[in-house]
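**Q** Data: protein.tsv, TSV, C-alpha atoms.
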chain	number	residue	atom	x	y	z
A	1	MET	CA	173.98	-41.37	-20.93
A	2	ILE	CA	170.47	-39.98	-20.91
A	3	PHE	CA	167.92	-40.34	-23.72
A	4	GLU	CA	164.97	-37.96	-23.77
A	5	ARG	CA	162.81	-35.73	-25.94
A	6	SER	CA	164.07	-32.15	-26.04
A	7	LYS	CA	161.74	-29.15	-25.94
A	8	ASN	CA	162.09	-28.63	-29.68
A	9	GLY	CA	160.88	-32.19	-30.32
A	10	ASN	CA	164.27	-33.66	-31.18
A	11	PHE	CA	165.52	-36.92	-29.71
A	12	ARG	CA	168.42	-36.07	-27.42
A	13	PHE	CA	171.24	-38.18	-26.03
A	14	SER	CA	173.12	-36.26	-23.37
A	15	ARG	CA	175.93	-36.95	-20.89
A	16	ILE	CA	177.58	-39.20	-23.44
A	17	HIS	CA	180.92	-40.49	-22.16
A	18	PRO	CA	183.86	-39.38	-24.35
A	19	LEU	CA	184.61	-43.00	-25.34
A	20	LEU	CA	181.01	-43.48	-26.47
A	21	GLY	CA	181.22	-40.10	-28.19
A	22	GLU	CA	184.10	-41.48	-30.25
A	23	LEU	CA	182.08	-44.57	-31.12
A	24	LEU	CA	179.24	-42.31	-32.26
A	25	GLN	CA	181.59	-40.33	-34.49
A	26	ALA	CA	182.66	-43.61	-36.10
A	27	ILE	CA	179.12	-44.03	-37.46
A	28	ALA	CA	179.97	-41.47	-40.14
A	29	LEU	CA	182.72	-43.67	-41.60
A	30	ASP	CA	182.05	-45.36	-44.93
A	31	PRO	CA	181.47	-49.07	-44.15
A	32	TRP	CA	182.61	-50.02	-47.65
A	33	GLU	CA	186.01	-48.49	-46.93
A	34	ARG	CA	186.23	-49.43	-43.27
A	35	TYR	CA	184.88	-52.98	-43.52
A	36	PRO	CA	185.46	-54.16	-47.10
A	37	GLU	CA	184.58	-57.81	-46.35
A	38	GLY	CA	181.73	-57.17	-43.95
A	39	SER	CA	180.03	-54.63	-46.16
A	40	ALA	CA	179.20	-57.39	-48.68
A	41	ARG	CA	176.32	-58.26	-46.33
A	42	LEU	CA	174.71	-54.89	-47.08
A	43	LEU	CA	173.92	-55.85	-50.67
A	44	PRO	CA	172.60	-59.42	-50.60
A	45	SER	CA	171.51	-61.53	-53.54
A	46	PRO	CA	167.78	-61.57	-54.41
A	47	GLY	CA	167.80	-65.38	-54.55
A	48	GLU	CA	169.93	-68.41	-55.21
A	49	ALA	CA	167.70	-70.45	-57.55
A	50	GLU	CA	169.21	-71.31	-60.93
A	51	ASP	CA	166.37	-69.65	-62.82
A	52	LEU	CA	167.09	-66.33	-61.10
A	53	GLU	CA	170.42	-65.74	-62.86
A	54	ASP	CA	168.95	-62.89	-64.91
A	55	LEU	CA	167.57	-61.28	-61.78
A	56	ARG	CA	170.92	-61.57	-59.98
A	57	LEU	CA	172.64	-59.80	-62.89
A	58	ASP	CA	169.95	-57.12	-62.94
A	59	TRP	CA	170.39	-56.71	-59.19
A	60	GLN	CA	174.15	-56.22	-59.57
A	61	ASP	CA	173.78	-53.74	-62.42
A	62	HIS	CA	170.87	-51.65	-61.17
A	63	VAL	CA	169.41	-52.44	-57.76
A	64	GLN	CA	172.60	-52.72	-55.72
A	65	PRO	CA	174.08	-49.42	-56.98
A	66	ASP	CA	170.77	-47.72	-56.15
A	67	LEU	CA	170.75	-49.27	-52.68
A	68	ARG	CA	174.34	-48.24	-52.04
A	69	HIS	CA	173.49	-44.69	-53.11
A	70	HIS	CA	170.50	-44.77	-50.75
A	71	PHE	CA	172.71	-45.92	-47.86
A	72	ASP	CA	175.27	-43.19	-48.65
A	73	LEU	CA	172.55	-40.52	-48.59
A	74	GLU	CA	171.23	-41.78	-45.25
A	75	ARG	CA	174.77	-41.76	-43.82
A	76	ALA	CA	175.22	-38.16	-44.98
A	77	VAL	CA	172.17	-37.14	-42.92
A	78	VAL	CA	173.64	-38.90	-39.90
A	79	SER	CA	177.04	-37.29	-40.49
A	80	ASP	CA	175.43	-33.84	-40.40
A	81	ASP	CA	173.77	-34.63	-37.04
A	82	LEU	CA	177.07	-35.93	-35.69
A	83	ALA	CA	178.83	-32.75	-36.83
A	84	GLY	CA	176.39	-30.85	-34.60
A	85	MET	CA	177.30	-32.80	-31.45
A	86	ILE	CA	178.12	-30.52	-28.54
A	87	GLN	CA	181.12	-31.27	-26.36
A	88	ARG	CA	181.12	-30.26	-22.72
A	89	LEU	CA	184.51	-29.93	-21.08
A	90	GLY	CA	185.41	-29.90	-17.40
A	91	LYS	CA	185.81	-32.53	-14.70
A	92	ALA	CA	183.21	-34.79	-16.30
A	93	PRO	CA	183.50	-34.17	-20.03
A	94	SER	CA	180.64	-35.42	-22.18
A	95	TRP	CA	178.86	-35.05	-25.49
A	96	THR	CA	175.28	-34.21	-26.41
A	97	LEU	CA	173.64	-35.41	-29.62
A	98	GLU	CA	170.30	-34.27	-31.02
A	99	ILE	CA	168.42	-36.16	-33.71
A	100	PRO	CA	165.45	-34.51	-35.45
A	101	PRO	CA	162.50	-36.95	-35.70
A	102	ASP	CA	162.57	-36.83	-39.50
A	103	HIS	CA	166.17	-38.11	-39.43
A	104	THR	CA	165.21	-41.24	-37.49
A	105	ASP	CA	164.99	-43.52	-40.53
A	106	ALA	CA	168.44	-42.39	-41.68
A	107	TRP	CA	169.83	-43.22	-38.24
A	108	LEU	CA	168.15	-46.62	-38.07
A	109	THR	CA	169.42	-47.56	-41.53
A	110	THR	CA	172.95	-46.28	-40.94
A	111	LEU	CA	173.28	-47.92	-37.53
A	112	ASN	CA	171.94	-51.16	-38.95
A	113	ALA	CA	174.36	-51.07	-41.88
A	114	LEU	CA	177.30	-50.50	-39.58
A	115	ARG	CA	176.24	-53.23	-37.14
A	116	LEU	CA	175.77	-55.72	-39.98
A	117	ALA	CA	179.12	-54.86	-41.55
A	118	LEU	CA	180.92	-55.09	-38.20
A	119	ALA	CA	179.28	-58.41	-37.33
A	120	GLU	CA	180.10	-59.87	-40.74
A	121	GLU	CA	183.67	-58.58	-40.66
A	122	HIS	CA	184.30	-60.19	-37.26
A	123	ARG	CA	182.03	-63.19	-37.90
A	124	PHE	CA	180.06	-62.66	-34.71
A	125	THR	CA	177.67	-65.49	-33.87
A	126	GLU	CA	174.30	-65.27	-32.14
A	127	ASN	CA	176.07	-66.39	-28.96
A	128	ASP	CA	178.65	-63.59	-29.28
A	129	LEU	CA	175.90	-61.03	-29.71
A	130	SER	CA	173.86	-62.26	-26.76
A	131	GLU	CA	176.88	-62.32	-24.43
A	132	THR	CA	176.11	-60.25	-21.33
A	133	GLU	CA	179.69	-59.97	-20.07
A	134	LEU	CA	181.58	-56.85	-21.10
A	135	SER	CA	183.80	-57.70	-24.06
A	136	ASP	CA	187.60	-57.42	-23.89
A	137	LEU	CA	188.16	-53.86	-25.10
A	138	SER	CA	191.91	-54.43	-25.47
A	139	THR	CA	191.22	-56.42	-28.64
A	140	GLU	CA	189.84	-55.18	-31.94
A	141	ARG	CA	187.19	-57.92	-31.86
A	142	GLY	CA	186.11	-57.00	-28.33
A	143	LEU	CA	185.84	-53.34	-29.23
A	144	ALA	CA	183.84	-54.22	-32.33
A	145	LEU	CA	181.41	-56.26	-30.22
A	146	MET	CA	180.96	-53.34	-27.87
A	147	GLN	CA	180.28	-51.09	-30.88
A	148	VAL	CA	177.63	-53.48	-32.22
A	149	ASN	CA	175.89	-53.57	-28.83
A	150	PHE	CA	176.15	-49.82	-28.26
A	151	TYR	CA	174.68	-49.06	-31.67
A	152	ALA	CA	171.89	-51.56	-30.94
A	153	PHE	CA	171.10	-49.59	-27.78
A	154	ILE	CA	170.82	-46.37	-29.81
A	155	GLN	CA	168.55	-48.17	-32.27
A	156	GLU	CA	166.36	-49.49	-29.45
A	157	CYS	CA	165.98	-45.98	-28.00
A	158	LEU	CA	164.89	-44.59	-31.36
A	159	LEU	CA	162.56	-47.51	-32.10
A	160	GLN	CA	160.90	-47.11	-28.71
A	161	ALA	CA	160.49	-43.38	-29.30
A	162	ILE	CA	158.85	-44.07	-32.68
A	163	GLU	CA	156.57	-46.59	-31.00
A	164	ASP	CA	155.62	-44.08	-28.32
A	165	ASP	CA	154.87	-41.46	-30.98
A	166	SER	CA	152.66	-43.83	-32.99
A	167	GLY	CA	150.71	-44.74	-29.85
A	168	ARG	CA	149.82	-41.14	-29.07
B	1	MET	CA	144.11	-65.93	-37.32
B	2	SER	CA	146.42	-68.17	-39.33
B	3	GLU	CA	148.89	-70.50	-37.73
B	4	PRO	CA	152.53	-69.44	-37.87
B	5	GLY	CA	154.12	-70.74	-41.03
B	6	LEU	CA	151.02	-70.31	-43.11
B	7	LEU	CA	150.46	-67.40	-45.40
B	8	ASP	CA	147.99	-64.89	-44.07
B	9	ALA	CA	148.23	-62.41	-46.89
B	10	PRO	CA	145.17	-60.42	-47.93
B	11	GLU	CA	142.64	-62.41	-49.95
B	12	ALA	CA	143.56	-60.64	-53.18
B	13	ASP	CA	147.17	-61.73	-52.80
B	14	LEU	CA	146.13	-65.36	-52.34
B	15	VAL	CA	143.93	-65.35	-55.42
B	16	GLU	CA	146.77	-63.89	-57.44
B	17	SER	CA	149.22	-66.41	-56.03
B	18	GLN	CA	147.33	-69.33	-57.58
B	19	ASP	CA	148.43	-68.14	-61.01
B	20	LEU	CA	151.70	-66.48	-60.13
B	21	PRO	CA	153.40	-68.48	-57.40
B	22	TRP	CA	156.36	-66.38	-56.30
B	23	LEU	CA	157.24	-66.10	-52.63
B	24	VAL	CA	159.04	-63.33	-50.76
B	25	VAL	CA	161.02	-64.98	-47.96
B	26	VAL	CA	162.73	-63.18	-45.08
B	27	HIS	CA	165.63	-65.06	-43.46
B	28	ASN	CA	166.96	-64.83	-39.94
B	29	ASP	CA	170.20	-63.07	-39.11
B	30	PRO	CA	171.64	-62.55	-35.65
B	31	VAL	CA	172.14	-58.80	-35.98
B	32	ASN	CA	168.84	-57.18	-36.95
B	33	LEU	CA	166.85	-56.28	-33.86
B	34	MET	CA	163.49	-58.01	-33.47
B	35	SER	CA	161.73	-54.68	-32.91
B	36	TYR	CA	163.37	-53.31	-36.07
B	37	VAL	CA	162.25	-56.28	-38.19
B	38	ALA	CA	158.67	-55.91	-36.94
B	39	MET	CA	158.76	-52.18	-37.70
B	40	VAL	CA	159.97	-52.86	-41.26
B	41	PHE	CA	157.15	-55.38	-41.86
B	42	ARG	CA	154.59	-52.84	-40.68
B	43	ARG	CA	156.07	-50.14	-42.90
B	44	ILE	CA	156.34	-52.20	-46.07
B	45	PHE	CA	153.22	-54.36	-45.86
B	46	GLY	CA	151.03	-52.10	-43.76
B	47	TRP	CA	150.42	-54.91	-41.28
B	48	THR	CA	149.07	-54.67	-37.78
B	49	ARG	CA	151.58	-54.91	-34.96
B	50	GLU	CA	150.34	-58.43	-34.10
B	51	ARG	CA	150.79	-59.73	-37.62
B	52	ALA	CA	154.21	-58.11	-38.01
B	53	GLU	CA	155.37	-59.58	-34.71
B	54	ARG	CA	154.05	-63.02	-35.64
B	55	HIS	CA	156.13	-63.08	-38.83
B	56	MET	CA	159.12	-61.60	-37.00
B	57	MET	CA	158.93	-64.42	-34.45
B	58	GLU	CA	158.65	-66.96	-37.23
B	59	VAL	CA	161.85	-65.59	-38.79
B	60	HIS	CA	163.54	-65.72	-35.40
B	61	THR	CA	162.44	-69.21	-34.38
B	62	LYS	CA	162.20	-71.04	-37.71
B	63	GLY	CA	164.90	-69.16	-39.61
B	64	ARG	CA	162.56	-67.86	-42.30
B	65	SER	CA	159.09	-66.57	-42.97
B	66	VAL	CA	157.12	-66.23	-46.19
B	67	VAL	CA	155.88	-62.66	-46.02
B	68	TRP	CA	154.17	-62.32	-49.37
B	69	SER	CA	153.10	-64.39	-52.35
B	70	GLY	CA	152.03	-63.32	-55.78
B	71	GLY	CA	153.32	-62.00	-59.08
B	72	ARG	CA	157.05	-61.91	-59.76
B	73	GLU	CA	157.31	-58.21	-60.51
B	74	GLN	CA	155.68	-57.20	-57.24
B	75	ALA	CA	157.72	-59.82	-55.38
B	76	GLU	CA	160.94	-58.29	-56.78
B	77	LEU	CA	159.82	-54.86	-55.60
B	78	TYR	CA	159.16	-56.19	-52.11
B	79	VAL	CA	162.58	-57.88	-51.99
B	80	GLN	CA	164.19	-54.62	-53.06
B	81	GLN	CA	162.29	-52.71	-50.36
B	82	LEU	CA	163.30	-55.26	-47.73
B	83	HIS	CA	166.94	-54.97	-48.86
B	84	SER	CA	166.71	-51.20	-48.49
B	85	PHE	CA	166.00	-51.86	-44.80
B	86	LEU	CA	168.90	-54.35	-44.78
B	87	LEU	CA	166.79	-57.45	-44.14
B	88	LEU	CA	167.90	-60.73	-45.73
B	89	ALA	CA	165.10	-61.33	-48.21
B	90	THR	CA	164.92	-63.58	-51.25
B	91	LEU	CA	162.57	-64.44	-54.05
B	92	GLU	CA	161.52	-68.10	-54.39
B	93	LYS	CA	159.24	-69.93	-56.74
B	94	SER	CA	156.45	-71.69	-54.91
B	95	SER	CA	156.69	-75.48	-55.18
If you convert what's in this file into structure tokens, what do you get?

**A**
Amino acid sequence: MIFERSKNGNFRFSRIHPLLGELLQAIALDPWERYPEGSARLLPSPGEAEDLEDLRLDWQDHVQPDLRHHFDLERAVVSDDLAGMIQRLGKAPSWTLEIPPDHTDAWLTTLNALRLALAEEHRFTENDLSETELSDLSTERGLALMQVNFYAFIQECLLQAIEDDSGR
Amino acid sequence: MSEPGLLDAPEADLVESQDLPWLVVVHNDPVNLMSYVAMVFRRIFGWTRERAERHMMEVHTKGRSVVWSGGREQAELYVQQLHSFLLLATLEKSS
């Protein structure tokens, strides 16, 4: 897979292996439906102190619905970009994905939400996430770990590109 | 430059905090990328890269970092903003 800036200024991932292309398409899935337990991490409590009970209720009634709506909107932007992915057929089939710079925040948020939900759902530890050996892709847990790491790579590419832009 | 673990908020924040001691605390989690956390701190608080990275490292090594102190209403807004970037942030009363 190659990450570069295209002539029109978009961030472009090209020569994406079909398996990774499938993992990218999975970003569009609703984490609340796909990972009902893990998605609880996406809407944390504002604090655990006893005197914050009113705030916790306010958070549940107002803040968390707003945040969930925000995450849904960001995911919709990502879904539109994913719908525009180009598939190349032939002996070495691959996908190409372009991300407009003004969609970068939506991608970072959506990738983060998915990684957090996946990690919570499978209870990945810091050791699991820093494992350098390729995970066992024949298991659901191993595939999930690969997803978390692959999405982290996409995030790192975008973060580096933002950093490069801000340094210009 | 302040030592890690000490507040290094702008002077106005510190003056306010004497009367209104609420803390915004960011907690470590194994998933959020370090570069992402630093970017979020810069976006929300307008910090320099060095300051953002210092607090990010404090979260990573000590498990938490106090990123702001002051009035409760503003602290709630900061926690909400940090949650919108999916960081684990809480509000605490200063002891």

**Q** Please find the residues of chain A near chain B - the criterion being any atom within 6 Å, counting all atoms listed in the file - and write them as JSON, numbers by chain.

**A** {"A": [46, 47, 126]}

**Q** Record the distance separating atom CA of A:Ser14 and atom CA of A:Glu140, expressed in Å with one decimal.

**A**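 According to the coordinates, atom CA of A:Ser14 and atom CA of A:Glu140 are separated by 26.7 Å.
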
**Q** Could you work out an axis-aligned box for stretch 155-166 of chain A, taking every atom the file lists and adding 8 Å on each side, and report centre and edge lengths in Å to one decimal, as lines of an AutoDock Vina configuration file?

**A**
center_x = 160.6
center_y = -45.5
center_z = -30.5
size_x = 31.9
size_y = 24.0
size_z = 21.0

**Q** Write out as a VMD selection string the residues lying within 12 Å of stretch 90-101 of chain A, counting all atoms listed in the file and excluding same-chain residues fewer than 4 positions away.

**A** chain A and resid 1 to 25 77 to 86 105 to 108 154 157 to 159 161 to 162 165

**Q** Please measure the separation of atom CA of A:Pro65 and atom CA of A:Glu53, giving the value in Å to one decimal.

**A**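 Computing it gives 17.7 Å between the two atoms.
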
**Q** Please provide the set of residues having any atom within 7 Å of B:Val66, restricted to only C-alpha atoms, with same-chain residues fewer than 2 positions apart removed, written as a PyMOL selection string.

**A** chain B and resi 7+23-26+64+68

**Q** Using all atoms listed in the file, find the one residue out of A:Ser135, A:Gln87, A:Ser130, A:Thr110 that sits nearest to A:Ala26.

**A** A:Thr110

**Q** Could you check how far atom CA of A:Ala119 sits from atom CA of B:Val67, in Å to one decimal?

**A**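 Taking atom CA of A:Ala119 as the start and atom CA of B:Val67 as the end point, the length is 25.3 Å.
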
**Q** Quick one: residues within 12 Å of A:Asp30, only C-alpha atoms, excluding same-chain residues fewer than 2 positions away - as JSON, numbers by chain?

**A** {"A": [25, 26, 27, 28, 32, 33, 34, 35, 36, 38, 39, 68, 69, 71, 72, 73, 74, 75, 76, 78, 79, 110, 111, 113, 114, 117, 118]}

**Q** List the neighbours of A:Gln147 out to 8 Å using all atoms listed in the file; skip same-chain residues closer than 3 positions along the sequence, and give me the result as a list in words.

**A**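 Here the qualifying residues turn out to be Leu23, Arg115, Leu143, Ala144, Phe150 and Tyr151 of chain A.
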
**Q** When distances are computed from all atoms listed in the file, which of B:Leu77, B:Arg72, B:Leu82, B:Met57 shows the smallest separation from B:Val40?

**A**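 With all atoms listed in the file as the atom set, the closest residue is B:Leu82.
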